[in-house]
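This is model_17.tsv (TSV, C-alpha atoms).
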```
chain	number	residue	atom	x	y	z
A	1	MET	CA	-26.23	0.37	89.37
A	2	SER	CA	-23.80	-0.40	92.17
A	3	LEU	CA	-20.24	-1.68	92.01
A	4	ASP	CA	-19.25	-4.87	93.78
A	5	ARG	CA	-15.72	-5.29	95.20
A	6	ARG	CA	-14.41	-7.09	92.07
A	7	GLN	CA	-15.72	-4.34	89.74
A	8	PHE	CA	-14.21	-1.67	91.96
A	9	LEU	CA	-10.78	-3.32	92.00
A	10	ALA	CA	-10.87	-3.72	88.21
A	11	ALA	CA	-11.82	-0.09	87.79
A	12	SER	CA	-9.12	1.00	90.24
A	13	ALA	CA	-6.51	-0.79	88.13
A	14	VAL	CA	-7.55	1.38	85.20
A	15	LEU	CA	-7.15	4.49	87.32
A	16	SER	CA	-3.48	3.99	88.00
A	17	PRO	CA	-1.61	5.70	86.57
A	18	MET	CA	-3.76	6.88	83.63
A	19	LEU	CA	-6.64	8.50	85.40
A	20	ILE	CA	-5.48	10.00	88.65
A	21	ALA	CA	-4.17	13.41	87.65
A	22	GLY	CA	-2.02	15.04	90.30
A	23	ARG	CA	-2.98	18.55	89.24
A	24	ALA	CA	-5.07	20.37	86.69
A	25	PHE	CA	-3.18	21.02	83.47
A	26	ALA	CA	-3.80	24.03	81.28
A	27	ALA	CA	-4.69	23.33	77.65
A	28	PRO	CA	-1.75	23.99	75.28
A	29	ALA	CA	-3.71	26.48	73.15
A	30	ALA	CA	-1.21	28.02	70.73
A	31	GLY	CA	1.87	27.08	72.77
A	32	SER	CA	4.86	24.92	71.91
A	33	ARG	CA	4.57	21.14	71.71
A	34	LEU	CA	7.26	18.54	72.33
A	35	LEU	CA	7.03	14.82	71.50
A	36	VAL	CA	9.82	12.39	72.38
A	37	VAL	CA	9.84	9.17	70.30
A	38	PHE	CA	11.96	6.44	71.89
A	39	LEU	CA	13.09	3.63	69.55
A	40	ARG	CA	13.57	0.79	72.02
A	41	GLY	CA	16.08	-1.87	71.04
A	42	GLY	CA	18.92	0.31	69.76
A	43	TYR	CA	18.19	1.14	66.13
A	44	ASP	CA	20.99	0.84	63.57
A	45	ALA	CA	21.42	4.56	63.02
A	46	ALA	CA	24.39	4.09	60.68
A	47	ASN	CA	22.18	2.35	58.11
A	48	ILE	CA	19.42	4.97	58.30
A	49	VAL	CA	21.50	8.13	58.19
A	50	ALA	CA	24.47	6.42	56.59
A	51	PRO	CA	28.02	7.77	56.18
A	52	THR	CA	28.11	6.78	52.50
A	53	GLY	CA	30.98	9.18	51.88
A	54	SER	CA	33.22	6.83	53.87
A	55	ASP	CA	34.83	3.88	52.09
A	56	PHE	CA	35.27	2.31	55.51
A	57	TYR	CA	31.46	2.20	55.90
A	58	HIS	CA	31.13	0.01	52.82
A	59	SER	CA	34.02	-2.29	53.72
A	60	ALA	CA	32.71	-2.72	57.28
A	61	ARG	CA	29.26	-3.73	56.00
A	62	PRO	CA	29.75	-5.79	52.84
A	63	ASN	CA	26.22	-7.26	52.95
A	64	ILE	CA	24.05	-4.55	54.48
A	65	ALA	CA	25.59	-1.18	53.54
A	66	LEU	CA	23.49	1.21	51.48
A	67	ALA	CA	24.72	1.96	47.97
A	68	LYS	CA	26.15	5.42	47.36
A	69	PRO	CA	23.63	7.96	46.05
A	70	ASN	CA	22.64	7.31	42.44
A	71	PRO	CA	19.53	9.02	41.01
A	72	SER	CA	18.99	6.14	38.59
A	73	ASP	CA	18.98	3.49	41.35
A	74	PRO	CA	15.81	3.46	43.53
A	75	ASN	CA	17.62	1.32	46.12
A	76	ALA	CA	20.54	3.71	46.50
A	77	ALA	CA	20.83	6.06	49.46
A	78	LEU	CA	19.50	9.62	49.19
A	79	GLU	CA	22.22	12.24	49.43
A	80	LEU	CA	22.03	14.64	52.38
A	81	ASN	CA	25.51	16.09	51.94
A	82	ALA	CA	28.92	14.87	50.79
A	83	ASP	CA	29.31	12.62	53.84
A	84	TRP	CA	25.83	11.45	54.82
A	85	SER	CA	22.85	9.88	53.06
A	86	LEU	CA	19.33	8.83	54.02
A	87	HIS	CA	17.82	5.36	53.73
A	88	PRO	CA	15.76	5.04	50.50
A	89	ALA	CA	12.77	3.69	52.48
A	90	LEU	CA	12.33	7.28	53.73
A	91	ARG	CA	12.20	8.78	50.22
A	92	GLU	CA	8.48	9.68	50.36
A	93	SER	CA	8.27	10.58	54.04
A	94	ILE	CA	11.34	12.01	55.78
A	95	TYR	CA	13.35	13.12	52.75
A	96	PRO	CA	10.77	15.80	51.79
A	97	LEU	CA	11.09	17.18	55.34
A	98	TRP	CA	14.83	17.42	54.77
A	99	GLN	CA	14.22	19.32	51.54
A	100	LYS	CA	11.88	21.68	53.41
A	101	LYS	CA	14.57	22.09	56.11
A	102	GLN	CA	12.21	20.72	58.76
A	103	ILE	CA	14.46	17.95	60.05
A	104	ALA	CA	18.01	17.86	61.37
A	105	PHE	CA	20.10	14.79	62.18
A	106	ILE	CA	22.56	14.73	65.06
A	107	PRO	CA	25.21	12.00	64.61
A	108	PHE	CA	27.58	10.77	67.32
A	109	ALA	CA	24.84	11.33	69.91
A	110	GLY	CA	24.07	9.27	72.98
A	111	THR	CA	24.93	8.67	76.62
A	112	ASP	CA	28.12	8.01	78.56
A	113	ASP	CA	26.64	4.68	79.68
A	114	MET	CA	29.00	2.00	78.35
A	115	THR	CA	27.10	-1.08	79.54
A	116	ARG	CA	25.53	-1.77	76.11
A	117	SER	CA	22.60	-3.21	78.04
A	118	HIS	CA	19.15	-2.35	76.67
A	119	PHE	CA	17.59	-2.06	80.12
A	120	GLU	CA	20.46	-0.26	81.80
A	121	THR	CA	20.88	2.30	79.02
A	122	GLN	CA	17.16	2.84	78.52
A	123	ASP	CA	16.96	3.64	82.24
A	124	THR	CA	19.91	5.99	81.85
A	125	VAL	CA	18.18	7.88	79.08
A	126	GLU	CA	14.80	8.08	80.77
A	127	LEU	CA	16.15	9.13	84.15
A	128	GLY	CA	18.35	11.86	82.68
A	129	GLN	CA	20.61	11.68	85.73
A	130	PRO	CA	24.42	11.54	85.82
A	131	VAL	CA	25.87	8.09	85.17
A	132	GLY	CA	27.85	6.63	88.05
A	133	GLY	CA	25.95	8.18	90.90
A	134	HIS	CA	22.93	7.03	92.88
A	135	ARG	CA	19.90	6.54	90.65
A	136	ASP	CA	16.57	7.93	91.78
A	137	TYR	CA	14.03	5.79	89.94
A	138	ARG	CA	11.26	8.07	91.16
A	139	SER	CA	12.47	10.98	89.03
A	140	GLY	CA	12.46	10.87	85.21
A	141	PHE	CA	13.61	13.78	83.06
A	142	MET	CA	10.24	14.38	81.39
A	143	ALA	CA	8.50	14.45	84.76
A	144	ARG	CA	11.00	17.08	85.88
A	145	LEU	CA	10.38	19.01	82.67
A	146	ALA	CA	6.61	18.87	83.21
A	147	GLU	CA	7.03	20.05	86.78
A	148	THR	CA	9.36	22.87	85.73
A	149	LEU	CA	7.00	24.10	83.01
A	150	GLY	CA	4.03	23.88	85.35
A	151	LYS	CA	1.31	25.02	82.97
A	152	ASP	CA	1.80	22.47	80.22
A	153	ARG	CA	-0.41	19.41	79.69
A	154	PRO	CA	1.61	16.17	79.42
A	155	ILE	CA	0.62	12.64	78.39
A	156	SER	CA	2.42	9.35	77.72
A	157	PHE	CA	1.19	7.17	74.86
A	158	THR	CA	2.28	3.93	76.55
A	159	ASP	CA	0.57	1.02	78.33
A	160	GLN	CA	2.44	1.76	81.55
A	161	LEU	CA	3.78	5.08	82.74
A	162	PRO	CA	7.40	5.14	81.48
A	163	LEU	CA	10.33	5.82	83.74
A	164	CYS	CA	10.94	9.23	82.12
A	165	PHE	CA	7.53	10.48	83.37
A	166	ARG	CA	7.77	9.14	86.93
A	167	GLY	CA	8.03	11.53	89.83
A	168	GLY	CA	6.69	15.05	90.05
A	169	PRO	CA	3.13	15.54	88.82
A	170	ILE	CA	1.20	12.35	88.07
A	171	ILE	CA	0.94	12.04	84.29
A	172	PRO	CA	-1.93	10.41	82.36
A	173	ASN	CA	-0.95	7.55	80.09
A	174	VAL	CA	-2.83	5.53	77.50
A	175	GLY	CA	-1.51	2.63	75.42
A	176	LEU	CA	-1.85	3.06	71.67
A	177	ALA	CA	-3.37	-0.42	71.38
A	178	ALA	CA	-6.23	0.76	73.61
A	179	VAL	CA	-6.80	4.01	71.76
A	180	GLY	CA	-10.04	3.73	69.81
A	181	SER	CA	-11.38	0.73	71.73
A	182	LYS	CA	-14.30	0.78	74.13
A	183	PRO	CA	-13.57	2.50	77.48
A	184	ALA	CA	-12.90	-0.07	80.21
A	185	VAL	CA	-15.15	1.69	82.72
A	186	PRO	CA	-18.72	2.67	81.70
A	187	ALA	CA	-19.75	6.27	82.37
A	188	GLN	CA	-22.16	5.32	85.17
A	189	ASP	CA	-19.50	3.31	86.98
A	190	ALA	CA	-16.95	6.09	86.48
A	191	ALA	CA	-19.30	8.55	88.18
A	192	LEU	CA	-19.74	6.17	91.13
A	193	ILE	CA	-15.97	5.70	91.49
A	194	ALA	CA	-15.38	9.46	91.42
A	195	GLN	CA	-18.08	9.88	94.06
A	196	MET	CA	-16.40	7.29	96.30
A	197	TYR	CA	-13.19	9.36	96.25
A	198	GLN	CA	-14.97	12.67	96.85
A	199	GLY	CA	-13.60	14.47	99.89
A	200	GLN	CA	-10.52	12.24	100.19
A	201	ARG	CA	-7.05	13.70	99.90
A	202	SER	CA	-3.50	12.48	99.35
A	203	GLY	CA	-1.30	15.26	100.63
A	204	SER	CA	-2.38	18.37	98.74
A	205	VAL	CA	-4.22	16.38	96.03
A	206	ASP	CA	-8.04	16.22	96.10
A	207	LEU	CA	-8.58	12.62	94.97
A	208	GLY	CA	-12.23	13.17	94.06
A	209	ASN	CA	-11.40	15.94	91.61
A	210	SER	CA	-8.33	14.09	90.31
A	211	VAL	CA	-10.27	10.90	89.56
A	212	ALA	CA	-13.03	12.86	87.81
A	213	GLN	CA	-10.44	14.71	85.71
A	214	GLY	CA	-8.76	11.41	84.88
A	215	PHE	CA	-11.96	9.84	83.59
A	216	GLN	CA	-12.56	12.96	81.51
A	217	VAL	CA	-9.12	12.60	79.89
A	218	ARG	CA	-9.81	8.94	79.07
A	219	ASP	CA	-13.20	9.80	77.56
A	220	GLU	CA	-11.67	12.56	75.41
A	221	VAL	CA	-9.03	10.13	74.08
A	222	PHE	CA	-11.59	7.47	73.19
A	223	LYS	CA	-13.97	9.99	71.61
A	224	THR	CA	-11.24	11.43	69.40
A	225	SER	CA	-10.08	7.97	68.31
A	226	ALA	CA	-13.60	6.77	67.50
A	227	GLU	CA	-14.09	9.78	65.21
A	228	MET	CA	-10.86	8.95	63.37
A	229	GLU	CA	-11.81	5.27	62.98
A	230	GLU	CA	-15.08	6.33	61.34
A	231	ALA	CA	-13.33	8.76	58.99
A	232	ASN	CA	-10.86	6.05	57.92
A	233	ARG	CA	-13.53	3.33	57.62
A	234	GLY	CA	-11.50	1.01	59.81
A	235	ALA	CA	-8.35	1.12	57.67
A	236	VAL	CA	-5.06	0.74	59.53
A	237	SER	CA	-1.63	1.91	58.45
A	238	PRO	CA	1.33	-0.49	58.03
A	239	LYS	CA	1.93	-2.22	61.39
A	240	GLY	CA	-0.42	0.29	63.00
A	241	PHE	CA	2.10	3.04	63.61
A	242	GLU	CA	0.92	5.53	61.03
A	243	LEU	CA	-2.62	5.49	62.37
A	244	SER	CA	-1.38	5.66	65.93
A	245	ALA	CA	0.81	8.64	65.07
A	246	ARG	CA	-2.17	10.44	63.51
A	247	ARG	CA	-4.07	9.89	66.75
A	248	ILE	CA	-1.17	11.37	68.67
A	249	GLY	CA	-1.18	14.33	66.29
A	250	ARG	CA	-4.88	14.94	66.79
A	251	LEU	CA	-4.61	14.74	70.57
A	252	MET	CA	-1.53	16.95	70.74
A	253	ARG	CA	-3.09	19.50	68.43
A	254	ASP	CA	-6.20	19.83	70.57
A	255	GLN	CA	-5.32	18.82	74.13
A	256	PHE	CA	-1.74	17.87	75.05
A	257	ASN	CA	1.59	19.49	74.38
A	258	LEU	CA	4.24	17.40	76.15
A	259	ALA	CA	4.25	13.74	75.16
A	260	PHE	CA	6.23	10.51	75.01
A	261	VAL	CA	5.79	7.39	72.88
A	262	ASP	CA	8.01	4.35	72.46
A	263	VAL	CA	8.33	2.10	69.41
A	264	GLY	CA	9.94	-1.34	69.67
A	265	GLY	CA	11.49	-3.81	67.27
A	266	TRP	CA	14.94	-2.33	66.59
A	267	ASP	CA	17.23	-5.05	67.99
A	268	THR	CA	18.58	-6.29	64.65
A	269	HIS	CA	21.17	-8.98	65.41
A	270	VAL	CA	20.21	-11.20	62.47
A	271	ASN	CA	19.35	-10.48	58.82
A	272	GLN	CA	18.53	-6.82	59.29
A	273	GLY	CA	18.82	-6.16	55.55
A	274	GLY	CA	20.10	-3.14	53.66
A	275	ALA	CA	17.99	-1.12	51.26
A	276	GLN	CA	15.33	-3.82	51.62
A	277	GLY	CA	14.44	-6.14	54.46
A	278	TYR	CA	13.50	-6.03	58.13
A	279	LEU	CA	15.05	-2.70	59.13
A	280	ALA	CA	13.91	-1.02	55.91
A	281	SER	CA	10.30	-2.04	56.56
A	282	HIS	CA	10.39	-0.77	60.13
A	283	ILE	CA	11.97	2.56	59.29
A	284	ALA	CA	9.49	3.08	56.45
A	285	GLU	CA	6.61	2.59	58.92
A	286	LEU	CA	8.20	5.04	61.35
A	287	GLY	CA	8.69	7.62	58.60
A	288	ARG	CA	5.10	7.35	57.41
A	289	GLY	CA	3.90	7.62	60.98
A	290	LEU	CA	5.86	10.80	61.66
A	291	VAL	CA	4.60	12.42	58.46
A	292	GLY	CA	1.06	11.37	59.38
A	293	LEU	CA	1.50	13.04	62.77
A	294	ALA	CA	2.67	16.27	61.12
A	295	ASP	CA	-0.22	16.17	58.68
A	296	GLU	CA	-2.76	15.65	61.47
A	297	LEU	CA	-1.30	18.50	63.52
A	298	GLY	CA	-1.77	20.83	60.57
A	299	PRO	CA	0.61	23.60	59.41
A	300	GLN	CA	-0.08	26.01	62.26
A	301	ALA	CA	0.48	23.53	65.11
A	302	TRP	CA	3.36	21.82	63.25
A	303	ARG	CA	5.26	25.13	63.21
A	304	LYS	CA	5.26	25.07	67.01
A	305	THR	CA	5.92	21.34	67.43
A	306	THR	CA	9.28	19.66	67.95
A	307	VAL	CA	9.67	15.89	67.66
A	308	VAL	CA	12.84	14.26	69.01
A	309	VAL	CA	13.61	10.69	67.92
A	310	ILE	CA	16.12	8.88	70.13
A	311	SER	CA	17.29	5.35	70.93
A	312	GLU	CA	19.23	3.94	73.86
A	313	PHE	CA	22.34	3.34	71.73
A	314	GLY	CA	23.52	2.72	68.20
A	315	ARG	CA	24.92	-0.56	66.95
A	316	THR	CA	28.29	-2.00	66.03
A	317	PHE	CA	29.77	-0.35	62.95
A	318	HIS	CA	30.90	-3.69	61.54
A	319	GLU	CA	28.14	-6.09	60.55
A	320	ASN	CA	28.25	-9.43	62.35
A	321	GLY	CA	28.37	-12.97	60.95
A	322	ASP	CA	24.57	-13.16	60.85
A	323	LYS	CA	24.26	-10.12	58.56
A	324	GLY	CA	23.05	-8.00	61.42
A	325	THR	CA	24.57	-5.67	63.98
A	326	ASP	CA	25.13	-5.95	67.72
A	327	HIS	CA	24.75	-3.54	70.63
A	328	GLY	CA	26.83	-0.42	70.13
A	329	HIS	CA	27.28	3.03	71.59
A	330	GLY	CA	26.91	6.27	69.63
A	331	SER	CA	23.68	6.83	67.73
A	332	ILE	CA	22.08	9.39	65.43
A	333	TYR	CA	19.13	11.41	66.75
A	334	TRP	CA	16.44	13.18	64.75
A	335	VAL	CA	14.87	16.55	65.50
A	336	LEU	CA	11.96	17.55	63.29
A	337	GLY	CA	9.18	20.12	63.25
A	338	GLY	CA	7.79	23.05	61.34
A	339	GLY	CA	10.03	25.48	63.24
A	340	VAL	CA	13.19	23.36	63.25
A	341	ASN	CA	16.39	24.75	61.75
A	342	GLY	CA	16.76	21.68	59.58
A	343	GLY	CA	18.22	20.50	56.31
A	344	ARG	CA	21.55	19.93	58.04
A	345	ILE	CA	23.67	17.50	59.99
A	346	ALA	CA	24.11	19.19	63.38
A	347	GLY	CA	26.62	18.88	66.18
A	348	PRO	CA	30.30	17.90	66.31
A	349	GLN	CA	31.46	15.18	63.92
A	350	ASP	CA	34.53	13.09	63.18
A	351	PRO	CA	35.55	11.39	59.93
A	352	ILE	CA	34.38	7.77	59.88
A	353	THR	CA	37.62	5.78	60.03
A	354	PRO	CA	38.70	2.64	61.93
A	355	ASP	CA	40.70	4.78	64.36
A	356	ALA	CA	37.67	6.96	65.13
A	357	LEU	CA	35.53	4.09	66.42
A	358	ASN	CA	34.81	3.74	70.12
A	359	GLN	CA	36.68	0.69	71.41
A	360	SER	CA	37.24	-0.29	67.73
A	361	ARG	CA	33.59	-1.32	67.40
A	362	ASP	CA	31.02	1.49	67.33
A	363	LEU	CA	30.44	5.21	66.87
A	364	PRO	CA	31.72	7.42	69.68
A	365	VAL	CA	29.46	9.88	71.50
A	366	LEU	CA	30.39	13.49	70.80
A	367	THR	CA	27.02	15.03	71.73
A	368	ASP	CA	25.60	14.01	75.09
A	369	TYR	CA	21.84	13.44	74.87
A	370	ARG	CA	21.18	15.42	78.06
A	371	ALA	CA	23.11	18.39	76.72
A	372	MET	CA	21.32	18.18	73.38
A	373	ILE	CA	17.78	17.86	74.77
A	374	GLY	CA	18.58	20.40	77.48
A	375	GLY	CA	19.66	22.97	74.91
A	376	LEU	CA	16.61	22.18	72.79
A	377	VAL	CA	13.99	22.55	75.54
A	378	GLY	CA	15.86	25.57	76.85
A	379	ARG	CA	15.28	27.37	73.55
A	380	GLN	CA	11.79	26.02	72.98
A	381	PHE	CA	10.40	26.80	76.42
A	382	SER	CA	12.70	29.71	77.35
A	383	LEU	CA	14.38	27.87	80.22
A	384	ALA	CA	17.81	28.63	81.55
A	385	GLY	CA	20.09	28.34	84.56
A	386	ASP	CA	18.67	26.58	87.59
A	387	ARG	CA	15.49	25.56	85.79
A	388	LEU	CA	17.43	23.58	83.17
A	389	ALA	CA	19.73	22.18	85.84
A	390	THR	CA	16.68	20.73	87.57
A	391	ILE	CA	15.77	18.77	84.45
A	392	PHE	CA	19.28	17.55	83.67
A	393	PRO	CA	21.46	17.88	86.79
A	394	GLU	CA	25.21	18.23	86.27
A	395	SER	CA	24.76	18.71	82.53
A	396	LYS	CA	25.65	21.81	80.54
A	397	PRO	CA	23.12	22.42	77.74
A	398	ALA	CA	24.48	22.37	74.20
A	399	ASP	CA	23.00	24.95	71.87
A	400	LEU	CA	22.98	23.28	68.45
A	401	SER	CA	20.62	25.95	67.06
A	402	LEU	CA	18.02	23.28	66.33
A	403	ILE	CA	15.15	25.73	66.69
```

As structure tokens, the full file:
Amino acid sequence: MSLDRRQFLAASAVLSPMLIAGRAFAAPAAGSRLLVVFLRGGYDAANIVAPTGSDFYHSARPNIALAKPNPSDPNAALELNADWSLHPALRESIYPLWQKKQIAFIPFAGTDDMTRSHFETQDTVELGQPVGGHRDYRSGFMARLAETLGKDRPISFTDQLPLCFRGGPIIPNVGLAAVGSKPAVPAQDAALIAQMYQGQRSGSVDLGNSVAQGFQVRDEVFKTSAEMEEANRGAVSPKGFELSARRIGRLMRDQFNLAFVDVGGWDTHVNQGGAQGYLASHIAELGRGLVGLADELGPQAWRKTTVVVISEFGRTFHENGDKGTDHGHGSIYWVLGGGVNGGRIAGPQDPITPDALNQSRDLPVLTDYRAMIGGLVGRQFSLAGDRLATIFPESKPADLSLI
């Protein structure tokens, strides 16, 4: 079978950027794994890990605040310590991880980007570069991490290669919606395309070998997903995330150990709800997904896996007139894994009072995200000095003893 020009162009679209691997990656074997989960839209952190010990919290959110912990009330928040509580929608998923000391929460975390723009601040986070200077959109922080580590095998579970993985080695990506569906390029056509690139080079990259490796990655992803679909008899988890997270867990356990995934739907300006409602449903799905990922990894791999859950910013501390919240500043990050020093609220904190708010509207940032992630990957991958400075330039890593 031969390919006409239209078939070749369609196949080439599939190749970029998923299939053309810039270098051969070593399998993770028994090494450390890192997954970054980006909640796009600015999730309302203060109603997920809520400062229920603050009377100001309840007065600022008369319609959406979580009730103070009460064992007899299933809709009440779950006590983490005297100041902080967890959303009850996470009772069966994330709360057991807290009890096992496998998750830590870092409040007052975020960037020094004050634009409150989704796109601007998402770019800030993914680039990992100092705010205020010239932005190099060809260099994301996870790409720099992959290049610094050298021997690790990265992947992005996204339709398009995200900004954080641009630059450095070319990273495979696959959208979760495509995982488990039929490969876009049949095996015979894939072999012909690889043959067409044989002997061609782009700089130091052998395109023939890179294309062949890329098709192999895609085939491995589809094969793994098809096996899971059969085992589950076609059942899907709520909103698809739990099943997707299990696929990520399977792939990271067996093949990849540096990964990124983004989850949307967190821009809750209107009727976000409290213990029940829109935000509660979304966070419950996320929690079940993360537990499914841990379960699929298995105890041995989970002990060497760290998952970091971030968002571009938090939301206004006061609810708005539509019983929602608007774009804010400081957020609350999650760090979970079998080897995490969890069961605690980590990092510097301030009492939640009107005077403590940033610009009288939202949580301040006391832990810079670059310092936090820099300190975390420094400990996890034994990086220090110039190597960490390459990943997060002009940022001093903060050791929060998360692992």

Residue nearest A:Leu127 among A:Arg379, A:Arg40, A:Arg166, A:His58 (counting all atoms listed in the file):
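For A:Leu127, the nearest of the given residues is A:Arg166.
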
Kindly give the distance, in Å, that separates atom CA of A:Gly265 and atom CA of A:Asp368, rounded to a single decimal.
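Atom CA of A:Gly265 sits 24.0 Å away from atom CA of A:Asp368.
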
Residues within 8 Å of A:Ala146, please, as a ChimeraX atom specification. Count all atoms listed in the file; anything in the same chain fewer than 6 positions from it doesn't count.
/A:152-154,168-169,258

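Closest approach to A:Trp334 among A:Gln102, A:Asn320, A:Ser401, A:Asn271: A:Gln102, based on only C-alpha atoms.
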
Please measure the separation of atom CA of A:Leu90 and atom CA of A:Asp322, giving the value in Å to one decimal.
24.9 Å

Using only C-alpha atoms, what residues lie at most 10 Å away from (17.6, 9.2, 49.5) (file coordinates), given as a PyMOL selection string?
chain A and resi 48-49+68-71+74-80+85-92+94-96

Interatomic distance, atom CA of A:Gly150 to atom CA of A:Gly292 (Å, one decimal)
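Straight-line distance from atom CA of A:Gly150 to atom CA of A:Gly292 works out to 29.0 Å.
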
Up to 10 Å from (22.6, 13.0, 68.7) in the file's coordinates: name the residues, counting all atoms listed in the file, as a PyMOL selection string.
chain A and resi 104-111+308-311+330-335+345-348+365-373

12 Å contact set for stretch 358-361 of chain A, only C-alpha atoms, chain neighbours under 6 positions out, as a list in words:
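Within the cut-off, the hits are Ala60, Phe108, Asp112, Met114, Arg116, Gly314, Arg315, Thr316, Phe317, His318, Glu319, Asn320, Thr325, Asp326, His327, Gly328, His329, Gly330, Ser331, Asp350 and Ile352 of chain A.
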
Using all atoms listed in the file, which of the listed residues (A:Leu34, A:Leu66, A:Val125, A:Val261) sits closest to A:Glu312?
A:Val125

Nearest candidate to A:Gly289 (options A:Gly249, A:Pro162, A:Gly338, A:Pro62; using all atoms listed in the file)
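Comparing A:Gly249, A:Pro162, A:Gly338, A:Pro62 against A:Gly289, the winner is A:Gly249.
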
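Shortest separation to A:Gly133 among A:Asp386, A:Asp254, A:Asp362, A:Glu394 occurs at residue A:Glu394, atoms counted being all atoms listed in the file.
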
Distance criterion (all atoms listed in the file): nearest to A:Gly378 out of A:His282, A:Lys151, A:Lys396, A:Arg246:
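Among A:His282, A:Lys151, A:Lys396, A:Arg246, it is A:Lys396 that comes nearest to A:Gly378.
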
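With all atoms listed in the file taken into account, the protein and nucleic acid residues at most 8 Å from A:Ser54 (excluding it and anything under 2 positions from it in its own chain) are Pro51, Thr52, Phe56, Tyr57, His58, Asp83, Pro351, Ile352 and Thr353 of chain A.
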
Would you export the selected residues with C-alpha atoms as a compact mmCIF listing (two decimals), keeping the file's coordinate frame, please?
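Done, and the output landed in selection.txt:
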```txt
# COMPACT_ATOMS: atom_id res chain seq x y z
CA PRO A 51 28.02 7.77 56.18
CA THR A 52 28.11 6.78 52.50
CA PHE A 56 35.27 2.31 55.51
CA TYR A 57 31.46 2.20 55.90
CA HIS A 58 31.13 0.01 52.82
CA ASP A 83 29.31 12.62 53.84
CA PRO A 351 35.55 11.39 59.93
CA ILE A 352 34.38 7.77 59.88
CA THR A 353 37.62 5.78 60.03
```

Reconstructed all heavy atoms for stretch 378-382 of chain A, given as a short mmCIF file (atom, residue, chain, number, x, y, z; two decimals), in the frame of the given file:
```
data_model
loop_
_atom_site.label_atom_id
_atom_site.label_comp_id
_atom_site.auth_asym_id
_atom_site.auth_seq_id
_atom_site.Cartn_x
_atom_site.Cartn_y
_atom_site.Cartn_z
N GLY A 378 15.54 24.24 76.36
CA GLY A 378 15.86 25.57 76.85
C GLY A 378 15.42 26.64 75.87
O GLY A 378 14.82 27.65 76.24
N ARG A 379 15.69 26.41 74.57
CA ARG A 379 15.28 27.37 73.55
C ARG A 379 13.77 27.33 73.33
O ARG A 379 13.12 28.38 73.21
CB ARG A 379 16.00 27.07 72.23
CG ARG A 379 17.48 27.42 72.24
CD ARG A 379 18.15 27.06 70.92
NE ARG A 379 17.70 27.92 69.83
CZ ARG A 379 18.33 29.00 69.40
NH1 ARG A 379 19.46 29.38 70.02
NH2 ARG A 379 17.89 29.70 68.40
N GLN A 380 13.21 26.13 73.30
CA GLN A 380 11.79 26.02 72.98
C GLN A 380 10.90 26.60 74.06
O GLN A 380 9.88 27.24 73.76
CB GLN A 380 11.42 24.55 72.73
CG GLN A 380 9.96 24.37 72.32
CD GLN A 380 9.68 22.99 71.77
OE1 GLN A 380 10.55 22.15 71.70
NE2 GLN A 380 8.44 22.77 71.37
N PHE A 381 11.26 26.37 75.32
CA PHE A 381 10.40 26.80 76.42
C PHE A 381 10.99 27.94 77.23
O PHE A 381 10.50 28.27 78.31
CB PHE A 381 10.10 25.61 77.34
CG PHE A 381 9.34 24.51 76.67
CD1 PHE A 381 9.98 23.33 76.30
CD2 PHE A 381 7.99 24.64 76.39
CE1 PHE A 381 9.29 22.31 75.67
CE2 PHE A 381 7.29 23.62 75.77
CZ PHE A 381 7.93 22.45 75.40
N SER A 382 12.06 28.56 76.70
CA SER A 382 12.70 29.71 77.35
C SER A 382 13.13 29.37 78.78
O SER A 382 12.81 30.09 79.74
CB SER A 382 11.76 30.93 77.35
OG SER A 382 11.44 31.31 76.03
#
```
